[in-house]
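Structure file structure-v6.txt with compact mmCIF, C-alpha atoms and all ligand atoms:
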# COMPACT_ATOMS: atom_id res chain seq x y z
CA MET A 1 -11.19 5.46 29.85
CA THR A 2 -9.29 2.17 29.83
CA LEU A 3 -5.53 2.10 29.72
CA HIS A 4 -4.47 -0.67 27.32
CA ALA A 5 -1.09 -2.37 27.09
CA ILE A 6 0.66 -5.11 25.16
CA SER A 7 3.94 -6.43 26.39
CA ALA A 8 6.31 -8.08 23.94
CA HIS A 9 9.86 -9.32 23.58
CA ARG A 10 10.62 -6.58 21.05
CA ILE A 11 8.81 -3.35 20.16
CA PHE A 12 10.04 -1.37 17.16
CA ASP A 13 8.71 2.18 17.31
CA GLY A 14 9.67 3.19 13.74
CA GLU A 15 13.18 4.26 14.81
CA THR A 16 14.33 2.24 17.81
CA MET A 17 13.93 -1.35 19.04
CA HIS A 18 12.80 -1.68 22.69
CA LEU A 19 13.39 -5.00 24.46
CA ASP A 20 10.99 -6.60 26.96
CA SER A 21 8.76 -3.55 26.99
CA ALA A 22 5.11 -2.66 26.76
CA LEU A 23 3.17 -0.38 24.43
CA LEU A 24 0.57 1.70 26.28
CA TRP A 25 -2.41 3.38 24.71
CA GLU A 26 -5.62 5.00 25.77
CA ASN A 27 -8.60 6.24 23.80
CA GLN A 28 -7.00 5.28 20.44
CA ARG A 29 -3.82 7.28 21.11
CA ILE A 30 -0.42 5.95 22.11
CA ILE A 31 0.84 6.96 25.55
CA GLY A 32 4.32 5.49 25.15
CA ILE A 33 6.60 2.48 25.46
CA VAL A 34 7.75 1.52 28.97
CA PRO A 35 9.76 -1.35 30.52
CA ASN A 36 7.48 -4.25 31.45
CA ALA A 37 8.06 -3.58 35.14
CA SER A 38 6.65 -0.05 34.77
CA VAL A 39 3.25 -0.96 33.33
CA PRO A 40 0.60 0.58 35.62
CA SER A 41 -1.26 -2.12 37.53
CA HIS A 42 -4.68 -0.91 36.33
CA ALA A 43 -3.76 -1.39 32.64
CA GLN A 44 -5.60 -4.01 30.62
CA ILE A 45 -2.58 -5.96 29.35
CA SER A 46 -2.04 -8.69 26.73
CA HIS A 47 1.22 -10.61 26.75
CA TYR A 48 3.23 -11.57 23.65
CA PRO A 49 6.49 -12.79 25.23
CA ASN A 50 8.04 -14.13 22.00
CA SER A 51 6.74 -11.54 19.58
CA THR A 52 7.86 -8.44 17.75
CA VAL A 53 5.60 -5.38 17.59
CA THR A 54 5.98 -2.91 14.72
CA PRO A 55 3.99 0.14 13.65
CA GLY A 56 0.83 -1.06 11.91
CA PHE A 57 1.44 -2.13 8.32
CA ILE A 58 0.00 0.16 5.66
CA ASP A 59 -0.64 -1.23 2.17
CA LEU A 60 -1.05 1.34 -0.61
CA GLN A 61 -2.24 -1.17 -3.20
CA VAL A 62 -4.89 -3.81 -2.46
CA ASN A 63 -7.20 -4.86 -5.27
CA GLY A 64 -9.02 -7.49 -3.25
CA GLY A 65 -9.05 -10.04 -0.46
CA GLY A 66 -11.34 -12.42 1.35
CA GLY A 67 -12.80 -13.62 -1.96
CA VAL A 68 -13.76 -10.07 -2.99
CA MET A 69 -12.39 -7.85 -5.75
CA PHE A 70 -12.91 -4.09 -5.30
CA ASN A 71 -13.78 -3.87 -9.02
CA GLN A 72 -16.68 -6.30 -8.46
CA ASP A 73 -17.81 -5.49 -4.91
CA THR A 74 -17.48 -1.73 -5.19
CA ASP A 75 -19.25 -0.75 -2.00
CA ALA A 76 -18.53 -0.25 1.70
CA ASP A 77 -19.22 -3.93 2.45
CA GLY A 78 -16.65 -4.97 -0.15
CA ILE A 79 -14.11 -2.65 1.45
CA ARG A 80 -14.90 -4.12 4.87
CA THR A 81 -14.30 -7.68 3.59
CA ILE A 82 -10.99 -6.67 2.02
CA CYS A 83 -9.77 -4.88 5.18
CA ASP A 84 -10.79 -7.83 7.39
CA ALA A 85 -8.93 -10.31 5.15
CA HIS A 86 -5.73 -8.28 5.08
CA ARG A 87 -5.75 -7.58 8.81
CA LYS A 88 -5.17 -11.32 9.28
CA HIS A 89 -1.91 -10.74 7.37
CA GLY A 90 -0.79 -7.80 9.45
CA THR A 91 -2.24 -4.87 7.53
CA ALA A 92 -3.67 -2.19 9.79
CA TYR A 93 -4.61 0.26 7.03
CA LEU A 94 -4.98 0.00 3.27
CA LEU A 95 -6.14 1.76 0.15
CA PRO A 96 -8.70 -0.35 -1.72
CA THR A 97 -7.43 -0.18 -5.28
CA LEU A 98 -9.59 0.00 -8.38
CA ILE A 99 -8.10 -1.49 -11.52
CA SER A 100 -8.92 0.51 -14.72
CA ASP A 101 -12.68 0.47 -15.28
CA SER A 102 -15.58 2.58 -16.61
CA GLN A 103 -16.43 6.14 -15.44
CA ASP A 104 -19.47 4.76 -13.60
CA LYS A 105 -17.31 2.24 -11.77
CA ILE A 106 -14.75 4.89 -10.81
CA ASN A 107 -17.56 6.98 -9.34
CA GLN A 108 -18.85 3.93 -7.47
CA ALA A 109 -15.36 3.33 -6.04
CA LEU A 110 -15.05 6.94 -4.86
CA ILE A 111 -18.53 6.88 -3.29
CA ALA A 112 -17.85 3.48 -1.68
CA THR A 113 -14.70 4.93 -0.11
CA GLU A 114 -16.57 7.95 1.24
CA ASP A 115 -19.27 5.62 2.63
CA ALA A 116 -16.66 3.33 4.23
CA LEU A 117 -14.85 6.28 5.81
CA ASN A 118 -18.12 7.72 7.14
CA ALA A 119 -19.06 4.30 8.53
CA ASN A 120 -15.64 4.09 10.25
CA ILE A 121 -14.91 0.72 8.63
CA THR A 122 -11.74 -0.46 10.31
CA GLY A 123 -8.65 -0.22 8.14
CA VAL A 124 -9.72 1.95 5.22
CA ILE A 125 -7.89 5.29 4.91
CA GLY A 126 -8.65 6.26 1.33
CA VAL A 127 -8.67 4.90 -2.18
CA HIS A 128 -6.21 4.14 -4.96
CA LEU A 129 -7.32 4.52 -8.57
CA GLU A 130 -4.90 2.52 -10.69
CA GLY A 131 -5.77 4.00 -14.06
CA PRO A 132 -7.57 4.23 -16.36
CA TRP A 133 -5.11 6.92 -17.44
CA LEU A 134 -2.38 4.44 -18.39
CA SER A 135 -0.23 3.41 -21.35
CA PRO A 136 -1.63 0.64 -23.60
CA ASN A 137 1.98 -0.47 -24.09
CA LYS A 138 2.28 -1.30 -20.37
CA LYS A 139 -1.27 -2.37 -19.62
CA GLY A 140 -0.44 -5.54 -17.66
CA ALA A 141 -3.74 -7.11 -16.55
CA HIS A 142 -5.71 -3.89 -17.25
CA ASP A 143 -8.27 -3.65 -20.06
CA SER A 144 -6.92 -0.90 -22.34
CA HIS A 145 -10.43 -0.25 -23.71
CA HIS A 146 -10.96 1.84 -20.57
CA PHE A 147 -7.88 4.01 -21.16
CA TYR A 148 -8.26 7.68 -22.20
CA ASP A 149 -6.69 11.10 -21.71
CA PRO A 150 -8.95 12.88 -19.20
CA SER A 151 -10.15 16.47 -19.61
CA VAL A 152 -10.21 18.58 -16.46
CA SER A 153 -14.01 18.84 -16.79
CA SER A 154 -14.34 15.02 -16.88
CA LEU A 155 -12.22 14.82 -13.72
CA LYS A 156 -14.27 17.53 -12.01
CA ALA A 157 -17.41 15.50 -12.76
CA LEU A 158 -16.21 12.60 -10.58
CA THR A 159 -17.54 12.30 -7.01
CA TRP A 160 -14.26 12.76 -5.11
CA PRO A 161 -14.27 11.77 -1.43
CA THR A 162 -14.40 14.72 0.96
CA HIS A 163 -11.85 13.12 3.32
CA GLY A 164 -9.36 10.27 3.34
CA LYS A 165 -6.42 9.86 1.00
CA VAL A 166 -6.64 9.58 -2.78
CA LEU A 167 -3.75 8.03 -4.68
CA ILE A 168 -3.80 7.83 -8.47
CA THR A 169 -1.50 5.76 -10.64
CA LEU A 170 -1.21 7.27 -14.09
CA ALA A 171 1.14 7.26 -17.09
CA PRO A 172 2.28 10.90 -17.38
CA GLU A 173 2.97 10.57 -21.12
CA GLU A 174 -0.69 9.67 -21.73
CA VAL A 175 -2.24 12.51 -19.68
CA ASN A 176 -2.43 16.19 -20.63
CA HIS A 177 -0.58 18.64 -18.43
CA GLU A 178 -3.71 20.52 -17.27
CA ALA A 179 -5.23 17.30 -15.92
CA ILE A 180 -2.06 16.39 -14.01
CA GLU A 181 -1.86 19.90 -12.61
CA TRP A 182 -5.55 19.87 -11.56
CA LEU A 183 -5.25 16.47 -9.82
CA SER A 184 -2.15 17.63 -7.98
CA GLN A 185 -3.90 20.86 -6.90
CA GLN A 186 -6.68 18.77 -5.32
CA GLY A 187 -4.14 17.23 -2.95
CA ILE A 188 -4.29 13.91 -4.76
CA ILE A 189 -1.10 11.86 -4.49
CA LEU A 190 0.17 11.06 -7.99
CA SER A 191 2.19 7.98 -8.82
CA CYS A 192 3.70 7.12 -12.18
CA GLY A 193 2.91 3.58 -13.26
CA HIS A 194 1.84 1.39 -16.18
CA SER A 195 3.94 3.89 -18.11
CA ASN A 196 6.09 3.57 -21.21
CA ALA A 197 7.60 7.05 -20.80
CA THR A 198 11.07 7.95 -21.96
CA GLN A 199 13.43 9.97 -19.81
CA SER A 200 12.64 13.12 -21.82
CA GLN A 201 8.90 12.62 -21.26
CA LEU A 202 9.59 12.43 -17.53
CA ASN A 203 11.22 15.87 -17.52
CA PRO A 204 11.81 17.80 -14.29
CA ASP A 205 8.59 19.79 -14.68
CA THR A 206 6.47 16.64 -15.03
CA LEU A 207 8.34 14.90 -12.23
CA SER A 208 7.63 17.85 -9.92
CA TYR A 209 3.98 16.69 -9.89
CA ILE A 210 4.87 13.02 -9.32
CA ASN A 211 4.96 11.82 -5.71
CA GLY A 212 5.81 8.20 -6.39
CA PHE A 213 6.18 5.29 -8.79
CA THR A 214 3.84 2.29 -8.71
CA HIS A 215 5.18 -1.27 -8.41
CA LEU A 216 8.76 -0.52 -9.45
CA TYR A 217 10.05 -2.58 -12.40
CA ASN A 218 6.60 -4.03 -13.21
CA ALA A 219 4.62 -2.51 -16.11
CA MET A 220 7.10 0.31 -16.82
CA SER A 221 9.68 1.00 -19.55
CA PRO A 222 12.89 -0.74 -18.47
CA PHE A 223 16.29 0.71 -17.71
CA THR A 224 18.79 0.49 -20.58
CA GLY A 225 22.15 2.17 -21.18
CA ARG A 226 20.94 4.73 -23.70
CA GLU A 227 17.37 5.13 -22.39
CA PRO A 228 16.87 4.99 -18.63
CA GLY A 229 13.11 4.66 -19.08
CA VAL A 230 10.65 4.85 -16.20
CA VAL A 231 12.76 2.45 -14.11
CA GLY A 232 15.80 4.75 -14.39
CA SER A 233 13.72 7.83 -13.54
CA ALA A 234 12.07 6.05 -10.61
CA LEU A 235 15.42 5.05 -9.15
CA MET A 236 17.01 8.48 -9.71
CA THR A 237 14.14 10.77 -8.64
CA ASP A 238 15.03 11.25 -5.00
CA HIS A 239 11.88 13.10 -3.93
CA ALA A 240 9.62 10.30 -5.18
CA TRP A 241 8.93 7.04 -3.40
CA CYS A 242 8.77 3.71 -5.23
CA SER A 243 6.36 0.97 -4.25
CA ILE A 244 7.58 -2.56 -4.83
CA ILE A 245 6.07 -6.06 -4.71
CA THR A 246 8.18 -8.43 -2.60
CA ASP A 247 6.46 -11.74 -3.32
CA GLY A 248 9.64 -13.13 -4.91
CA ILE A 249 7.74 -13.52 -8.19
CA HIS A 250 7.12 -10.01 -9.56
CA VAL A 251 10.63 -8.75 -8.83
CA ASP A 252 13.84 -10.71 -8.39
CA PRO A 253 15.36 -10.29 -4.90
CA THR A 254 18.52 -8.82 -6.46
CA SER A 255 16.45 -6.10 -8.14
CA VAL A 256 14.71 -5.34 -4.82
CA LYS A 257 18.10 -5.01 -3.13
CA LEU A 258 19.40 -2.84 -5.97
CA ALA A 259 16.47 -0.44 -5.49
CA GLN A 260 17.00 -0.50 -1.74
CA ARG A 261 20.63 0.49 -2.28
CA ILE A 262 19.86 3.31 -4.71
CA LYS A 263 16.72 4.95 -3.29
CA PRO A 264 17.18 7.42 -0.41
CA LYS A 265 16.10 5.99 2.94
CA GLY A 266 12.35 6.26 3.32
CA LYS A 267 11.57 6.07 -0.37
CA LEU A 268 11.04 2.35 -0.95
CA VAL A 269 7.66 1.03 0.12
CA ILE A 270 6.33 -2.53 0.13
CA VAL A 271 2.91 -3.10 -1.45
CA THR A 272 1.15 -6.41 -1.96
CA ASP A 273 -0.92 -5.62 -5.10
CA ALA A 274 -3.08 -8.40 -3.65
CA MET A 275 -6.13 -9.85 -5.29
CA ALA A 276 -9.32 -11.54 -4.02
CA THR A 277 -7.59 -14.86 -3.26
CA VAL A 278 -5.66 -13.45 -0.26
CA GLY A 279 -7.36 -14.48 2.97
CA SER A 280 -9.77 -16.69 1.04
CA SER A 281 -10.07 -20.39 0.21
CA ASP A 282 -10.89 -19.46 -3.41
CA ASP A 283 -8.12 -20.18 -5.89
CA TYR A 284 -9.50 -17.99 -8.68
CA PHE A 285 -11.34 -14.75 -9.38
CA VAL A 286 -12.70 -12.93 -12.41
CA LEU A 287 -11.20 -9.67 -13.76
CA ASN A 288 -12.55 -8.07 -16.95
CA ASP A 289 -14.48 -11.29 -17.71
CA GLU A 290 -11.23 -13.22 -17.55
CA VAL A 291 -10.62 -16.01 -15.03
CA ILE A 292 -7.39 -15.53 -13.03
CA ARG A 293 -6.11 -18.59 -11.15
CA VAL A 294 -3.56 -19.34 -8.47
CA VAL A 295 -0.95 -21.66 -9.99
CA ASP A 296 2.15 -22.38 -7.87
CA ASN A 297 1.41 -19.32 -5.70
CA GLN A 298 1.28 -17.14 -8.80
CA LEU A 299 -1.86 -15.47 -10.14
CA VAL A 300 -2.01 -16.03 -13.88
CA ASN A 301 -4.56 -15.50 -16.64
CA ALA A 302 -5.36 -18.00 -19.41
CA ASN A 303 -2.18 -16.96 -21.28
CA GLY A 304 -0.02 -17.51 -18.24
CA SER A 305 0.60 -13.74 -17.71
CA LEU A 306 0.96 -12.47 -14.13
CA ALA A 307 -2.20 -10.76 -12.87
CA GLY A 308 -1.57 -9.37 -9.39
CA ALA A 309 -0.17 -11.03 -6.32
CA HIS A 310 -1.32 -13.76 -3.98
CA ILE A 311 0.39 -12.54 -0.83
CA GLY A 312 -0.22 -10.62 2.39
CA MET A 313 1.98 -7.94 3.97
CA ASP A 314 3.45 -10.24 6.65
CA GLN A 315 4.82 -12.72 4.12
CA SER A 316 6.07 -9.83 1.93
CA VAL A 317 8.03 -8.60 4.96
CA ALA A 318 9.30 -12.11 5.72
CA TYR A 319 10.63 -12.50 2.16
CA ALA A 320 12.41 -9.14 2.12
CA ILE A 321 14.14 -9.94 5.42
CA SER A 322 15.12 -13.40 4.14
CA TRP A 323 16.84 -11.72 1.19
CA GLY A 324 19.19 -9.89 3.55
CA ILE A 325 17.60 -6.45 3.84
CA ASP A 326 17.95 -5.09 7.39
CA GLU A 327 15.02 -6.22 9.50
CA CYS A 328 14.10 -2.80 10.93
CA GLU A 329 14.42 -1.26 7.48
CA VAL A 330 11.92 -3.81 6.16
CA PHE A 331 9.50 -3.03 9.01
CA LYS A 332 9.73 0.63 8.02
CA MET A 333 9.13 -0.24 4.34
CA ALA A 334 5.83 -1.79 5.43
CA SER A 335 4.68 0.82 7.95
CA THR A 336 6.65 4.03 8.48
CA TYR A 337 7.49 4.76 4.84
CA PRO A 338 3.99 4.18 3.45
CA ALA A 339 2.74 6.55 6.19
CA HIS A 340 5.13 9.17 4.80
CA ALA A 341 4.03 8.37 1.23
CA LEU A 342 0.46 9.13 2.29
CA GLN A 343 1.65 12.33 4.01
CA SER A 344 0.24 10.86 7.25
CA GLU A 345 3.52 10.62 9.15
CA GLN A 346 2.24 12.96 11.87
CA THR A 347 -0.36 10.38 12.97
CA LEU A 348 0.70 6.98 11.56
CA GLY A 349 3.83 4.93 10.98
CA TYR A 350 5.42 5.30 14.43
CA LEU A 351 4.69 3.96 17.91
CA LYS A 352 5.18 7.29 19.65
CA PRO A 353 3.12 9.37 22.08
CA GLU A 354 0.03 10.98 20.50
CA TYR A 355 0.20 8.76 17.41
CA ILE A 356 -2.87 6.67 16.52
CA ALA A 357 -2.59 3.31 18.28
CA ALA A 358 -1.91 1.02 15.31
CA ALA A 359 0.54 -1.87 15.49
CA THR A 360 1.30 -5.25 13.98
CA ILE A 361 2.35 -8.15 16.22
CA LEU A 362 4.47 -10.80 14.54
CA ASP A 363 5.71 -14.20 15.64
CA GLU A 364 9.32 -15.32 15.17
CA HIS A 365 8.58 -16.23 11.53
CA TYR A 366 7.06 -12.78 10.87
CA GLN A 367 3.57 -14.22 10.63
CA THR A 368 0.73 -12.15 12.11
CA GLU A 369 -0.44 -12.85 15.63
CA ALA A 370 -2.51 -9.74 16.20
CA VAL A 371 -3.08 -6.23 14.86
CA ILE A 372 -4.06 -3.03 16.63
CA VAL A 373 -6.09 -0.57 14.57
CA ASP A 374 -7.44 2.68 15.99
CA GLY A 375 -6.71 1.37 19.48
CA LYS A 376 -8.63 -1.87 18.96
CA LEU A 377 -6.77 -5.19 19.33
CA PHE A 378 -7.66 -7.85 16.74
CA THR A 379 -6.36 -11.33 17.56
ZN ZN B 401 -0.55 -2.50 -11.75

Just give me the structure of the file as structure tokens.
Amino acid sequence: MTLHAISAHRIFDGETMHLDSALLWENQRIIGIVPNASVPSHAQISHYPNSTVTPGFIDLQVNGGGGVMFNQDTDADGIRTICDAHRKHGTAYLLPTLISDSQDKINQALIATEDALNANITGVIGVHLEGPWLSPNKKGAHDSHHFYDPSVSSLKALTWPTHGKVLITLAPEEVNHEAIEWLSQQGIILSCGHSNATQSQLNPDTLSYINGFTHLYNAMSPFTGREPGVVGSALMTDHAWCSIITDGIHVDPTSVKLAQRIKPKGKLVIVTDAMATVGSSDDYFVLNDEVIRVVDNQLVNANGSLAGAHIGMDQSVAYAISWGIDECEVFKMASTYPAHALQSEQTLGYLKPEYIAAATILDEHYQTEAVIVDGKLFT
């Protein structure tokens, strides 16, 4: 067994910053963080003297990358391409995310995830189904022709993965209670999103099944004085995390900072909501037969409406820090907190003994230099 090490100027373990230290790991598991002078001489060491190491970034919402959309390339190879593209932007693990589509396509996505997990494709830890159980009033770039209220029997008929994480974004006001209860009983993580719910529709009983809220502020009923809407519920529901897009386009920095101030620590999570153009030279892709283009770093359809994000995790982190959010807090929003959101905080999200060796190595501008996934260093 080889003892591996990376030494760096700064190593953030998910709680504490260590200076001029080295991260040690062996056989995919972390041994610990030690001063540079204490690295055993037999260790295979890589040096990053100007860099910062954080727990590996985890992205809960990735629709595509490397020129591939999960909705189009719905197989293990597609997942591999997406994971490879996002690793170049610091992401150690991600959930390939299917935008609302047909029953057949949902089954394909679930089977592709199972195949990718069985093939140990680096970086995949589950799947995110964004819809099709959403509100037509908040459809965003989704095709509302796919939307419906699912019966429990129709859900049982899907080929659910036997391992890995499953996250579902749904609009609770559009889905019958039995279906929500059944999904929750299967251990599926439920997130409220693309929802036009009122506060009374998001009552305490319904909220007890909701683990999170998807891309806070975007595609949800807004906060107003007399009707707090989904935004108000998301901000005020302490047990639930909120994911948020920090590309500076989907959400104004002030609104990000407002959420950061209101949500309990650990409950605000950065996602990219990235599309095929990330990690690719392509400047367009096709979604629901519609061409989406990159224009001024924004992804827009023919009408000029936003359709996902053209950003990686590292730049999302760089923006949030530039807006004045505490640096270590931002690192946690990209690694530690999503690990908690996936209920994987016993194995991921920290650089501590016995944790899976997964880390992101950033230069002084927070751009990715290398990523460690399952003990393997990718430079
Ligand atoms: Zn969305």

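Counting only C-alpha atoms, the residue from A:Pro338, A:Pro49, A:Gly279, A:Gly56 that sits nearest to His86 (chain A) is A:Gly279.
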
Please return the centre and edge lengths, in Å to one decimal, of a box with edges along x, y and z that contains all listed atoms of region 151-156 of chain A, widened by 6 Å on every side, as JSON.
{"center_x": -12.2, "center_y": 16.8, "center_z": -15.8, "size_x": 16.2, "size_y": 16.0, "size_z": 19.6}

Check your understanding: Using all atoms listed in the file, which residue out of A:Ile249, A:Ala357, A:Ala259, A:Ala171 lies closest to Ile31 (chain A)?
Key ->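 Of A:Ile249, A:Ala357, A:Ala259, A:Ala171, the one nearest Ile31 (chain A) is A:Ala357, counting all atoms listed in the file.
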
Check your understanding: Which protein, DNA or RNA residues have an atom within 9 Å of ligand ZN 401 (chain B), counting all atoms listed in the file, as a PyMOL selection string?
Key -> chain A and resi 61+99+130-131+139-142+169+193-194+214-215+218-219+273+307-308

Check your understanding: Suppose you want the space between CA of Met313 (chain A) and CA of Asp13 (chain A); what is it in Å?
Key ->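 A separation of 18.0 Å between them.
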
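With distances restricted to all atoms listed in the file, A:Asn211 is the closest residue to His340 (chain A) from A:Thr162, A:Asn211, A:Ser102, A:Ser281.
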
Can you save region 171-193 of chain A of the given block to a file, including N, CA, C and O atoms and formatted as a PDB file, in the first residue's frame?
ATOM      1  N   ALA A 171     -42.365  20.126  -6.951  1.00  0.00           N
ATOM      2  CA  ALA A 171     -43.206  21.211  -6.427  1.00  0.00           C
ATOM      3  C   ALA A 171     -44.266  20.558  -5.555  1.00  0.00           C
ATOM      4  O   ALA A 171     -45.166  19.892  -6.075  1.00  0.00           O
ATOM      5  N   PRO A 172     -44.174  20.703  -4.214  1.00  0.00           N
ATOM      6  CA  PRO A 172     -45.075  19.959  -3.324  1.00  0.00           C
ATOM      7  C   PRO A 172     -46.558  20.213  -3.620  1.00  0.00           C
ATOM      8  O   PRO A 172     -47.385  19.309  -3.427  1.00  0.00           O
ATOM      9  N   GLU A 173     -46.897  21.412  -4.109  1.00  0.00           N
ATOM     10  CA  GLU A 173     -48.307  21.715  -4.353  1.00  0.00           C
ATOM     11  C   GLU A 173     -48.853  20.984  -5.571  1.00  0.00           C
ATOM     12  O   GLU A 173     -50.061  20.970  -5.812  1.00  0.00           O
ATOM     13  N   GLU A 174     -47.974  20.383  -6.364  1.00  0.00           N
ATOM     14  CA  GLU A 174     -48.403  19.681  -7.583  1.00  0.00           C
ATOM     15  C   GLU A 174     -48.391  18.167  -7.406  1.00  0.00           C
ATOM     16  O   GLU A 174     -48.704  17.433  -8.336  1.00  0.00           O
ATOM     17  N   VAL A 175     -47.975  17.690  -6.216  1.00  0.00           N
ATOM     18  CA  VAL A 175     -47.773  16.248  -6.022  1.00  0.00           C
ATOM     19  C   VAL A 175     -48.640  15.783  -4.850  1.00  0.00           C
ATOM     20  O   VAL A 175     -48.652  16.421  -3.791  1.00  0.00           O
ATOM     21  N   ASN A 176     -49.372  14.673  -5.057  1.00  0.00           N
ATOM     22  CA  ASN A 176     -50.233  14.153  -3.997  1.00  0.00           C
ATOM     23  C   ASN A 176     -49.406  13.691  -2.795  1.00  0.00           C
ATOM     24  O   ASN A 176     -48.242  13.299  -2.935  1.00  0.00           O
ATOM     25  N   HIS A 177     -50.058  13.731  -1.644  1.00  0.00           N
ATOM     26  CA  HIS A 177     -49.358  13.460  -0.391  1.00  0.00           C
ATOM     27  C   HIS A 177     -48.780  12.038  -0.347  1.00  0.00           C
ATOM     28  O   HIS A 177     -47.661  11.828   0.140  1.00  0.00           O
ATOM     29  N   GLU A 178     -49.534  11.065  -0.871  1.00  0.00           N
ATOM     30  CA  GLU A 178     -49.081   9.665  -0.816  1.00  0.00           C
ATOM     31  C   GLU A 178     -47.761   9.498  -1.570  1.00  0.00           C
ATOM     32  O   GLU A 178     -46.873   8.769  -1.130  1.00  0.00           O
ATOM     33  N   ALA A 179     -47.652  10.186  -2.719  1.00  0.00           N
ATOM     34  CA  ALA A 179     -46.432  10.078  -3.527  1.00  0.00           C
ATOM     35  C   ALA A 179     -45.242  10.680  -2.767  1.00  0.00           C
ATOM     36  O   ALA A 179     -44.154  10.086  -2.728  1.00  0.00           O
ATOM     37  N   ILE A 180     -45.458  11.836  -2.165  1.00  0.00           N
ATOM     38  CA  ILE A 180     -44.371  12.473  -1.396  1.00  0.00           C
ATOM     39  C   ILE A 180     -43.938  11.556  -0.250  1.00  0.00           C
ATOM     40  O   ILE A 180     -42.754  11.329  -0.007  1.00  0.00           O
ATOM     41  N   GLU A 181     -44.936  10.995   0.433  1.00  0.00           N
ATOM     42  CA  GLU A 181     -44.644  10.118   1.561  1.00  0.00           C
ATOM     43  C   GLU A 181     -43.868   8.882   1.086  1.00  0.00           C
ATOM     44  O   GLU A 181     -42.878   8.474   1.706  1.00  0.00           O
ATOM     45  N   TRP A 182     -44.296   8.286  -0.043  1.00  0.00           N
ATOM     46  CA  TRP A 182     -43.628   7.079  -0.548  1.00  0.00           C
ATOM     47  C   TRP A 182     -42.172   7.377  -0.918  1.00  0.00           C
ATOM     48  O   TRP A 182     -41.266   6.626  -0.551  1.00  0.00           O
ATOM     49  N   LEU A 183     -41.956   8.500  -1.633  1.00  0.00           N
ATOM     50  CA  LEU A 183     -40.587   8.868  -2.040  1.00  0.00           C
ATOM     51  C   LEU A 183     -39.698   9.043  -0.808  1.00  0.00           C
ATOM     52  O   LEU A 183     -38.567   8.554  -0.758  1.00  0.00           O
ATOM     53  N   SER A 184     -40.243   9.731   0.187  1.00  0.00           N
ATOM     54  CA  SER A 184     -39.489   9.982   1.404  1.00  0.00           C
ATOM     55  C   SER A 184     -39.152   8.661   2.110  1.00  0.00           C
ATOM     56  O   SER A 184     -38.034   8.461   2.589  1.00  0.00           O
ATOM     57  N   GLN A 185     -40.118   7.736   2.119  1.00  0.00           N
ATOM     58  CA  GLN A 185     -39.893   6.432   2.776  1.00  0.00           C
ATOM     59  C   GLN A 185     -38.796   5.618   2.093  1.00  0.00           C
ATOM     60  O   GLN A 185     -38.178   4.755   2.710  1.00  0.00           O
ATOM     61  N   GLN A 186     -38.568   5.908   0.794  1.00  0.00           N
ATOM     62  CA  GLN A 186     -37.519   5.155   0.066  1.00  0.00           C
ATOM     63  C   GLN A 186     -36.126   5.703   0.376  1.00  0.00           C
ATOM     64  O   GLN A 186     -35.136   5.231  -0.189  1.00  0.00           O
ATOM     65  N   GLY A 187     -36.060   6.741   1.210  1.00  0.00           N
ATOM     66  CA  GLY A 187     -34.760   7.332   1.519  1.00  0.00           C
ATOM     67  C   GLY A 187     -34.321   8.340   0.478  1.00  0.00           C
ATOM     68  O   GLY A 187     -33.150   8.750   0.452  1.00  0.00           O
ATOM     69  N   ILE A 188     -35.251   8.729  -0.390  1.00  0.00           N
ATOM     70  CA  ILE A 188     -34.929   9.724  -1.417  1.00  0.00           C
ATOM     71  C   ILE A 188     -34.929  11.107  -0.765  1.00  0.00           C
ATOM     72  O   ILE A 188     -35.774  11.407   0.089  1.00  0.00           O
ATOM     73  N   ILE A 189     -33.957  11.923  -1.142  1.00  0.00           N
ATOM     74  CA  ILE A 189     -33.843  13.265  -0.589  1.00  0.00           C
ATOM     75  C   ILE A 189     -34.746  14.178  -1.419  1.00  0.00           C
ATOM     76  O   ILE A 189     -34.629  14.225  -2.647  1.00  0.00           O
ATOM     77  N   LEU A 190     -35.675  14.875  -0.737  1.00  0.00           N
ATOM     78  CA  LEU A 190     -36.668  15.673  -1.459  1.00  0.00           C
ATOM     79  C   LEU A 190     -36.369  17.163  -1.315  1.00  0.00           C
ATOM     80  O   LEU A 190     -36.162  17.670  -0.213  1.00  0.00           O
ATOM     81  N   SER A 191     -36.363  17.835  -2.452  1.00  0.00           N
ATOM     82  CA  SER A 191     -36.102  19.269  -2.466  1.00  0.00           C
ATOM     83  C   SER A 191     -37.241  19.973  -3.187  1.00  0.00           C
ATOM     84  O   SER A 191     -37.699  19.528  -4.242  1.00  0.00           O
ATOM     85  N   CYS A 192     -37.692  21.059  -2.589  1.00  0.00           N
ATOM     86  CA  CYS A 192     -38.776  21.849  -3.175  1.00  0.00           C
ATOM     87  C   CYS A 192     -38.186  22.818  -4.200  1.00  0.00           C
ATOM     88  O   CYS A 192     -37.266  23.579  -3.883  1.00  0.00           O
ATOM     89  N   GLY A 193     -38.692  22.769  -5.414  1.00  0.00           N
ATOM     90  CA  GLY A 193     -38.186  23.684  -6.426  1.00  0.00           C
ATOM     91  C   GLY A 193     -39.123  23.772  -7.613  1.00  0.00           C
ATOM     92  O   GLY A 193     -40.049  22.960  -7.749  1.00  0.00           O
TER      93      GLY A 193
END
